[in-house]
$ cat coords.txt   # compact mmCIF, C-alpha atoms
# COMPACT_ATOMS: atom_id res chain seq x y z
CA MET A 430 -8.89 44.54 -25.29
CA LYS A 431 -10.58 41.28 -26.06
CA LYS A 432 -12.80 41.11 -29.11
CA LEU A 433 -16.51 40.93 -28.22
CA TRP A 434 -18.77 38.40 -29.85
CA LEU A 435 -22.24 36.98 -29.28
CA SER A 436 -23.31 33.40 -29.76
CA GLY A 437 -26.95 32.46 -30.29
CA ALA A 438 -27.28 31.66 -26.60
CA ALA A 439 -25.72 34.98 -25.72
CA LEU A 440 -28.11 36.80 -28.00
CA SER A 441 -30.99 35.13 -26.19
CA ALA A 442 -29.51 36.18 -22.88
CA ALA A 443 -29.11 39.71 -24.17
CA MET A 444 -32.79 39.76 -25.11
CA VAL A 445 -33.68 38.70 -21.56
CA LEU A 446 -31.57 41.49 -20.16
CA ALA A 447 -33.06 44.01 -22.52
CA ALA A 448 -36.45 43.01 -21.11
CA CYS A 449 -35.10 43.95 -17.67
CA GLY A 450 -34.44 47.46 -18.94
CA GLU A 451 -30.68 47.35 -18.46
CA GLU A 452 -28.25 48.83 -20.94
CA ILE A 453 -24.53 48.40 -21.42
CA SER A 454 -22.72 51.40 -20.04
CA GLU A 455 -19.11 52.42 -20.50
CA THR A 456 -16.76 54.16 -18.17
CA SER A 457 -13.25 55.11 -19.20
CA ALA A 458 -10.70 56.39 -16.76
CA GLU A 459 -8.30 59.16 -17.58
CA GLY A 460 -4.78 58.18 -18.42
CA GLY A 461 -4.68 54.57 -19.53
CA GLY A 462 -1.87 52.59 -21.00
CA GLU A 463 -1.52 50.15 -23.84
CA ASP A 464 -4.01 47.75 -22.31
CA SER A 465 -7.73 48.18 -21.95
CA TYR A 466 -10.22 45.89 -20.27
CA THR A 467 -13.86 44.89 -20.38
CA ILE A 468 -15.46 44.04 -17.04
CA GLY A 469 -18.89 42.50 -16.57
CA VAL A 470 -20.65 43.99 -13.54
CA THR A 471 -23.51 41.87 -12.21
CA GLN A 472 -25.68 43.00 -9.29
CA ILE A 473 -28.74 41.15 -7.99
CA VAL A 474 -30.83 44.27 -7.29
CA GLU A 475 -30.47 48.01 -6.89
CA HIS A 476 -30.36 49.54 -3.42
CA PRO A 477 -28.05 52.15 -1.89
CA SER A 478 -25.54 49.77 -0.27
CA LEU A 479 -25.01 47.59 -3.36
CA ASP A 480 -24.92 50.69 -5.57
CA ALA A 481 -22.25 52.22 -3.31
CA ALA A 482 -20.19 49.01 -3.54
CA THR A 483 -20.28 49.13 -7.33
CA GLU A 484 -19.26 52.79 -7.31
CA GLY A 485 -16.37 51.95 -4.98
CA PHE A 486 -15.24 49.14 -7.29
CA LYS A 487 -15.11 51.49 -10.27
CA ARG A 488 -13.31 54.16 -8.26
CA ALA A 489 -10.38 51.79 -7.77
CA PHE A 490 -9.97 51.53 -11.56
CA GLU A 491 -10.28 55.28 -12.02
CA GLU A 492 -7.52 55.84 -9.47
CA ALA A 493 -5.38 53.17 -11.16
CA GLY A 494 -5.69 55.11 -14.43
CA LEU A 495 -6.82 52.11 -16.46
CA GLU A 496 -8.98 52.17 -19.58
CA VAL A 497 -12.02 50.08 -18.78
CA THR A 498 -15.41 49.35 -20.31
CA PHE A 499 -17.94 48.31 -17.66
CA ASP A 500 -20.94 46.26 -18.78
CA ASP A 501 -23.42 47.00 -15.95
CA GLN A 502 -26.28 44.55 -15.47
CA VAL A 503 -28.89 44.27 -12.69
CA ALA A 504 -30.91 41.07 -12.29
CA GLN A 505 -33.95 42.81 -10.77
CA GLY A 506 -33.90 40.31 -7.88
CA ASP A 507 -34.40 37.34 -10.23
CA GLN A 508 -31.93 34.46 -10.01
CA ASN A 509 -32.73 33.36 -13.58
CA ASN A 510 -31.81 36.82 -14.84
CA SER A 511 -28.62 36.64 -12.80
CA GLN A 512 -27.65 33.38 -14.46
CA SER A 513 -28.39 34.80 -17.94
CA ILE A 514 -26.21 37.82 -17.19
CA SER A 515 -23.26 35.62 -16.21
CA GLN A 516 -23.67 33.43 -19.30
CA LYS A 517 -23.67 36.53 -21.49
CA PHE A 518 -20.45 37.77 -19.89
CA VAL A 519 -18.80 34.42 -20.60
CA ALA A 520 -20.02 34.48 -24.22
CA ASP A 521 -18.74 38.04 -24.59
CA GLY A 522 -15.32 37.01 -23.30
CA VAL A 523 -15.05 39.73 -20.67
CA ASP A 524 -11.69 40.05 -18.92
CA LEU A 525 -13.15 39.86 -15.39
CA ILE A 526 -16.55 39.61 -13.68
CA PHE A 527 -17.43 41.79 -10.69
CA ALA A 528 -20.23 40.04 -8.79
CA ASN A 529 -22.06 42.23 -6.27
CA SER A 530 -24.07 39.97 -3.88
CA THR A 531 -24.06 36.26 -3.13
CA PRO A 532 -26.59 35.28 -5.84
CA SER A 533 -24.56 37.20 -8.43
CA ALA A 534 -21.32 35.52 -7.36
CA LEU A 535 -22.88 32.05 -7.40
CA SER A 536 -24.30 32.63 -10.89
CA SER A 537 -20.90 33.77 -12.10
CA LEU A 538 -19.13 30.78 -10.62
CA ASN A 539 -21.69 28.47 -12.22
CA ALA A 540 -21.02 30.10 -15.58
CA THR A 541 -17.22 30.02 -15.70
CA ALA A 542 -14.22 28.37 -14.11
CA ASP A 543 -11.79 30.37 -16.25
CA ILE A 544 -12.66 34.08 -16.16
CA PRO A 545 -11.54 35.76 -12.90
CA ILE A 546 -14.43 36.62 -10.57
CA VAL A 547 -14.16 39.25 -7.84
CA PHE A 548 -17.15 39.51 -5.52
CA THR A 549 -18.32 41.86 -2.79
CA SER A 550 -21.36 42.16 -0.49
CA VAL A 551 -21.13 38.42 0.24
CA THR A 552 -21.77 37.59 3.88
CA ASP A 553 -20.37 34.08 4.16
CA PRO A 554 -18.38 32.90 1.12
CA LEU A 555 -17.59 29.58 2.80
CA SER A 556 -21.18 28.56 3.57
CA ALA A 557 -22.23 29.71 0.11
CA ASN A 558 -19.57 27.38 -1.37
CA LEU A 559 -17.99 30.25 -3.25
CA VAL A 560 -14.55 29.61 -1.78
CA ALA A 561 -12.78 26.61 -0.31
CA ASP A 562 -10.89 28.65 2.24
CA MET A 563 -10.99 32.32 3.28
CA GLU A 564 -7.19 32.64 3.10
CA ALA A 565 -6.78 30.64 -0.13
CA PRO A 566 -10.13 30.63 -1.98
CA GLY A 567 -9.00 28.34 -4.82
CA GLY A 568 -10.25 28.36 -8.40
CA ASN A 569 -10.96 31.66 -10.16
CA VAL A 570 -12.70 33.61 -7.40
CA THR A 571 -11.96 35.97 -4.51
CA GLY A 572 -13.36 39.21 -3.11
CA THR A 573 -14.59 41.06 -0.04
CA THR A 574 -17.23 40.03 2.49
CA ASP A 575 -19.78 42.34 4.13
CA MET A 576 -19.85 40.42 7.42
CA HIS A 577 -17.87 42.18 10.14
CA PRO A 578 -17.27 39.60 12.88
CA ASP A 579 -18.62 41.91 15.62
CA ALA A 580 -21.56 43.56 13.86
CA ILE A 581 -24.37 41.19 14.90
CA SER A 582 -23.14 40.58 18.46
CA ASN A 583 -22.75 44.34 19.05
CA THR A 584 -26.24 45.03 17.69
CA VAL A 585 -27.86 42.38 19.88
CA GLU A 586 -25.94 43.65 22.92
CA PHE A 587 -27.17 47.21 22.28
CA MET A 588 -30.77 46.02 21.87
CA THR A 589 -30.81 44.05 25.11
CA ASN A 590 -28.67 46.30 27.30
CA GLU A 591 -29.89 49.73 26.15
CA LEU A 592 -33.53 49.06 25.18
CA ASP A 593 -34.29 45.93 27.22
CA VAL A 594 -35.46 44.10 24.10
CA LYS A 595 -36.82 40.60 24.82
CA SER A 596 -38.09 39.65 21.36
CA ILE A 597 -36.60 40.49 17.95
CA GLY A 598 -38.53 40.42 14.67
CA MET A 599 -36.63 39.48 11.52
CA VAL A 600 -38.02 39.74 7.97
CA TYR A 601 -35.83 38.01 5.41
CA ASN A 602 -35.75 35.97 2.22
CA ALA A 603 -35.02 32.37 3.20
CA GLY A 604 -33.80 31.81 -0.36
CA GLU A 605 -30.81 34.12 0.20
CA PRO A 606 -27.90 32.16 1.74
CA ASN A 607 -26.58 35.51 3.07
CA SER A 608 -29.72 35.96 5.10
CA VAL A 609 -29.95 32.48 6.56
CA VAL A 610 -26.40 32.78 7.87
CA GLN A 611 -27.19 36.09 9.56
CA VAL A 612 -30.47 34.92 11.10
CA ASP A 613 -28.66 31.92 12.56
CA ALA A 614 -25.96 34.24 13.92
CA VAL A 615 -28.58 36.43 15.60
CA LYS A 616 -30.19 33.37 17.20
CA GLU A 617 -26.82 32.30 18.52
CA ALA A 618 -26.06 35.79 19.86
CA VAL A 619 -29.31 36.44 21.74
CA GLY A 620 -29.01 33.72 24.38
CA SER A 621 -31.91 32.12 26.24
CA ASP A 622 -33.61 35.29 27.53
CA VAL A 623 -34.47 36.72 24.11
CA THR A 624 -36.62 35.20 21.37
CA VAL A 625 -36.33 35.68 17.60
CA GLU A 626 -39.57 35.86 15.61
CA GLU A 627 -39.12 35.20 11.87
CA ALA A 628 -41.21 36.28 8.88
CA ALA A 629 -39.97 34.93 5.55
CA VAL A 630 -40.63 36.60 2.19
CA SER A 631 -40.06 35.62 -1.41
CA THR A 632 -40.27 39.03 -3.10
CA SER A 633 -40.05 42.68 -2.12
CA ALA A 634 -43.83 42.92 -2.54
CA ASP A 635 -44.24 40.64 0.50
CA VAL A 636 -42.16 42.77 2.88
CA LYS A 637 -44.83 45.11 4.30
CA GLN A 638 -47.26 42.31 5.12
CA ALA A 639 -44.48 40.28 6.72
CA ALA A 640 -43.46 43.22 8.93
CA GLU A 641 -47.08 43.79 9.93
CA SER A 642 -47.41 40.13 10.91
CA LEU A 643 -44.79 40.69 13.63
CA VAL A 644 -46.53 43.66 15.27
CA GLY A 645 -47.54 42.78 18.83
CA LYS A 646 -45.03 39.92 18.95
CA VAL A 647 -41.71 41.78 19.02
CA ASP A 648 -39.97 44.60 20.89
CA ALA A 649 -37.73 45.52 17.95
CA PHE A 650 -37.13 44.78 14.28
CA TYR A 651 -33.70 43.72 13.03
CA ILE A 652 -33.36 43.88 9.23
CA ILE A 653 -30.09 42.27 8.27
CA THR A 654 -28.38 42.75 4.87
CA ASP A 655 -31.07 40.86 2.97
CA ASN A 656 -31.25 42.22 -0.58
CA THR A 657 -34.97 41.49 -1.02
CA VAL A 658 -35.99 43.28 2.18
CA VAL A 659 -33.47 46.13 1.97
CA SER A 660 -34.71 46.95 -1.53
CA ALA A 661 -38.15 47.51 0.03
CA LEU A 662 -36.97 48.90 3.38
CA GLU A 663 -39.43 51.82 3.35
CA SER A 664 -42.22 49.26 3.93
CA VAL A 665 -40.66 48.19 7.23
CA ILE A 666 -39.83 51.78 8.20
CA GLY A 667 -43.51 52.70 7.81
CA VAL A 668 -44.61 49.87 10.10
CA ALA A 669 -41.91 50.69 12.66
CA ASN A 670 -42.87 54.37 12.72
CA ASP A 671 -46.60 53.69 12.98
CA GLN A 672 -46.21 51.13 15.76
CA ASP A 673 -43.28 52.73 17.69
CA ILE A 674 -41.05 49.69 17.18
CA PRO A 675 -37.27 50.34 17.08
CA LEU A 676 -35.89 49.32 13.69
CA PHE A 677 -32.28 48.11 13.72
CA VAL A 678 -30.65 47.54 10.34
CA GLY A 679 -27.56 45.83 9.00
CA GLU A 680 -25.76 48.67 7.26
CA LEU A 681 -25.30 52.42 7.45
CA ASP A 682 -27.13 53.29 4.23
CA SER A 683 -30.33 51.91 5.74
CA VAL A 684 -29.87 54.19 8.78
CA ALA A 685 -29.78 57.16 6.43
CA ARG A 686 -33.00 55.89 4.80
CA GLY A 687 -34.88 55.88 8.13
CA GLY A 688 -33.69 52.90 10.18
CA PHE A 689 -33.02 53.68 13.85
CA ALA A 690 -29.50 52.30 14.26
CA ALA A 691 -26.82 49.97 12.87
CA TYR A 692 -23.33 48.76 13.55
CA GLY A 693 -21.87 49.03 10.09
CA PHE A 694 -19.28 50.27 7.65
CA GLU A 695 -19.25 51.97 4.27
CA TYR A 696 -20.16 49.64 1.39
CA GLY A 697 -18.20 51.91 -0.90
CA ASP A 698 -15.09 50.81 1.00
CA ILE A 699 -15.58 47.07 0.47
CA GLY A 700 -16.37 47.73 -3.19
CA TYR A 701 -13.18 49.80 -3.49
CA GLU A 702 -11.11 47.03 -1.87
CA ALA A 703 -12.61 44.53 -4.31
CA GLY A 704 -11.66 46.89 -7.12
CA GLN A 705 -8.08 47.02 -5.91
CA MET A 706 -7.98 43.21 -5.99
CA ALA A 707 -9.36 43.21 -9.53
CA VAL A 708 -6.72 45.72 -10.65
CA GLU A 709 -4.01 43.47 -9.23
CA ILE A 710 -5.44 40.45 -11.08
CA LEU A 711 -5.65 42.25 -14.43
CA THR A 712 -2.43 44.25 -14.35
CA GLU A 713 -0.09 42.01 -12.34
CA GLY A 714 -1.44 38.59 -13.20
CA ALA A 715 -2.34 37.83 -9.59
CA ASP A 716 -4.14 34.51 -9.08
CA PRO A 717 -7.59 35.11 -7.51
CA GLY A 718 -7.53 31.63 -6.01
CA GLU A 719 -4.51 32.61 -3.95
CA MET A 720 -5.84 36.01 -2.79
CA ALA A 721 -7.40 35.93 0.68
CA VAL A 722 -10.99 37.14 1.07
CA GLN A 723 -10.95 40.56 2.76
CA TYR A 724 -13.13 41.62 5.72
CA PRO A 725 -14.57 45.14 6.23
CA GLY A 726 -12.96 47.45 8.77
CA ASN A 727 -13.98 50.56 10.69
CA LEU A 728 -17.13 49.16 12.35
CA LYS A 729 -19.15 51.96 13.96
CA LEU A 730 -22.54 52.57 15.55
CA MET A 731 -24.74 55.06 13.73
CA ILE A 732 -28.07 56.40 15.06
CA ASN A 733 -30.74 58.35 13.19
CA ARG A 734 -32.19 61.03 15.53
CA ASP A 735 -35.31 61.62 13.40
CA ALA A 736 -36.01 57.90 13.21
CA ALA A 737 -35.64 57.64 16.99
CA GLU A 738 -38.29 60.33 17.42
CA GLU A 739 -40.59 58.65 14.87
CA MET A 740 -40.28 55.33 16.71
CA GLY A 741 -40.71 56.80 20.19
CA ILE A 742 -37.15 56.10 21.32
CA GLU A 743 -35.50 58.47 23.81
CA VAL A 744 -31.87 59.08 22.86
CA LYS A 745 -29.83 58.55 26.02
CA PRO A 746 -27.03 61.05 26.80
CA GLU A 747 -24.46 58.27 27.08
CA TRP A 748 -25.13 57.28 23.44
CA GLU A 749 -23.53 60.55 22.35
CA GLU A 750 -20.10 59.07 23.02
CA MET A 751 -20.94 55.64 21.62
CA ALA A 752 -22.33 56.58 18.23
CA GLU A 753 -22.25 58.85 15.22
CA PHE A 754 -25.58 60.53 14.51
CA THR A 755 -27.53 61.36 11.39
CA GLU A 756 -30.94 62.92 10.84
$ encode --input "coords.txt" --output "structure tokens"
Amino acid sequence: MKKLWLSGAALSAAMVLAACGEEISETSAEGGGEDSYTIGVTQIVEHPSLDAATEGFKRAFEEAGLEVTFDDQVAQGDQNNSQSISQKFVADGVDLIFANSTPSALSSLNATADIPIVFTSVTDPLSANLVADMEAPGGNVTGTTDMHPDAISNTVEFMTNELDVKSIGMVYNAGEPNSVVQVDAVKEAVGSDVTVEEAAVSTSADVKQAAESLVGKVDAFYIITDNTVVSALESVIGVANDQDIPLFVGELDSVARGGFAAYGFEYGDIGYEAGQMAVEILTEGADPGEMAVQYPGNLKLMINRDAAEEMGIEVKPEWEEMAEFTE
């Protein structure tokens, strides 16, 4: 295990993090060998999907039987906090950084070109300039993306074919590269007969007002995997329920929270796969720059029956064979 130390700059960063209310936590797996590791875990904000990805990452280490200390830090949606977290990890000399979200991965890459970085919940690593190539990322970084190639096209097809949607409302943070990529993909998928109405936000406090601004303009909401909006999803759910507007979401955890439907996968799975990559880097000396970025599998349609009733949507019999259901 590497010796931990704090420089003056790191102490300042630690003070910033303390102001965010985050504490260092430790998790040790059973078993263990001669080696032990310290891993910095940086996450831009807390919400069920990102939390599940972090849990999946740690599960991979537990199953590998390694002795690990996880330094968990959440940036509370603030990019400056995210940068301070990464700088602290570098000053501490952690063995590896797990970056959960695009802002977290970018902050980590800005902070170090030497410590291995494994990311997850990143929609487009290429556009974000995290990797040079999906098959051979280069440098000290690799990980798993949360963009299934068919998720957006399948969602748009369901909206237009099953609900005759002609206008789609999207609330997102234009400062999140993840979100811009997805909004552009939706625009490309809808074709000329469907319009996309956008409402940009800067913070989670803006989400409810942004959703309300789209009422009367759209036939459905589509909330993609935008961390700012997903962290305040209940605001959009309330508007959708009150106005009988179908609310499509970008991942399955948001269906369980009250979204109507999503084509998605389990975030715990992409976190687990990232954890397996990290184990290989630490125990086998694998080069992250030569490890291909992994895509999620097992895309499925999930529908929330209670949400459908709240939003005035009649569940068609033929959907029973297309989807899994939750309540």
$ closest_residue --input "coords.txt" --among "A:Lys487, A:Ala542, A:Lys517, A:Gly469" --to "Asp500 in chain A" --atoms "all atoms listed in the file"
A:Gly469
$ residues_around --input "coords.txt" --residues "Val630 in chain A" --least-positions-apart "5" --cutoff "9 Å" --atoms "all atoms listed in the file" --output "PyMOL selection string"
chain A and resi 600-604+635-636+639+657-658
$ atom_distance --input "coords.txt" --atom1 "CA of Glu750 in chain A" --atom2 "CA of Met731 in chain A"
11.1 Å
$ closest_residue --input "coords.txt" --among "A:Leu525, A:Leu479, A:Ile732, A:Val470" --to "Gly697 in chain A" --atoms "all atoms listed in the file"
A:Leu479
$ closest_residue --input "coords.txt" --among "A:Glu491, A:Val503, A:Ser596, A:Phe527" --to "Met706 in chain A" --atoms "all atoms listed in the file"
A:Phe527
$ atom_distance --input "coords.txt" --atom1 "CA of Val474 in chain A" --atom2 "CA of His577 in chain A"
21.8 Å
$ closest_residue --input "coords.txt" --among "A:Glu605, A:Asp524, A:Asp613, A:Asp579" --to "Ala557 in chain A" --atoms "only C-alpha atoms"
A:Glu605
$ closest_residue --input "coords.txt" --among "A:Ser621, A:Thr571, A:Ser465, A:Asn607" --to "Met720 in chain A" --atoms "all atoms listed in the file"
A:Thr571
$ closest_residue --input "coords.txt" --among "A:Ser533, A:Ser608, A:Asn670, A:Gln508" --to "Ser556 in chain A" --atoms "only C-alpha atoms"
A:Ser608
$ atom_distance --input "coords.txt" --atom1 "CA of Gly645 in chain A" --atom2 "CA of Pro746 in chain A"
28.6 Å
$ residues_around --input "coords.txt" --residues "range 711-717 of chain A" --least-positions-apart "2" --cutoff "6 Å" --atoms "only C-alpha atoms" --output "list in words"
Asn569, Val570, Thr571, Val708, Glu709, Glu719 and Met720 of chain A
$ residues_around --input "coords.txt" --residues "Thr574 in chain A" --least-positions-apart "4" --cutoff "12 Å" --atoms "all atoms listed in the file" --output "ChimeraX atom specification"
/A:482,528-531,534,547-555,557,559-560,563,578,607,654,694,696,698-700,702-703,721-726
$ residues_around --input "coords.txt" --residues "Gly741 in chain A" --least-positions-apart "5" --cutoff "8 Å" --atoms "all atoms listed in the file" --output "PDB file with C-alpha atoms, in the coordinates of the input"
ATOM      1  CA  ASP A 673     -43.280  52.730  17.690  1.00  0.00           C
ATOM      2  CA  ILE A 674     -41.050  49.690  17.180  1.00  0.00           C
ATOM      3  CA  PRO A 675     -37.270  50.340  17.080  1.00  0.00           C
TER       4      PRO A 675
END
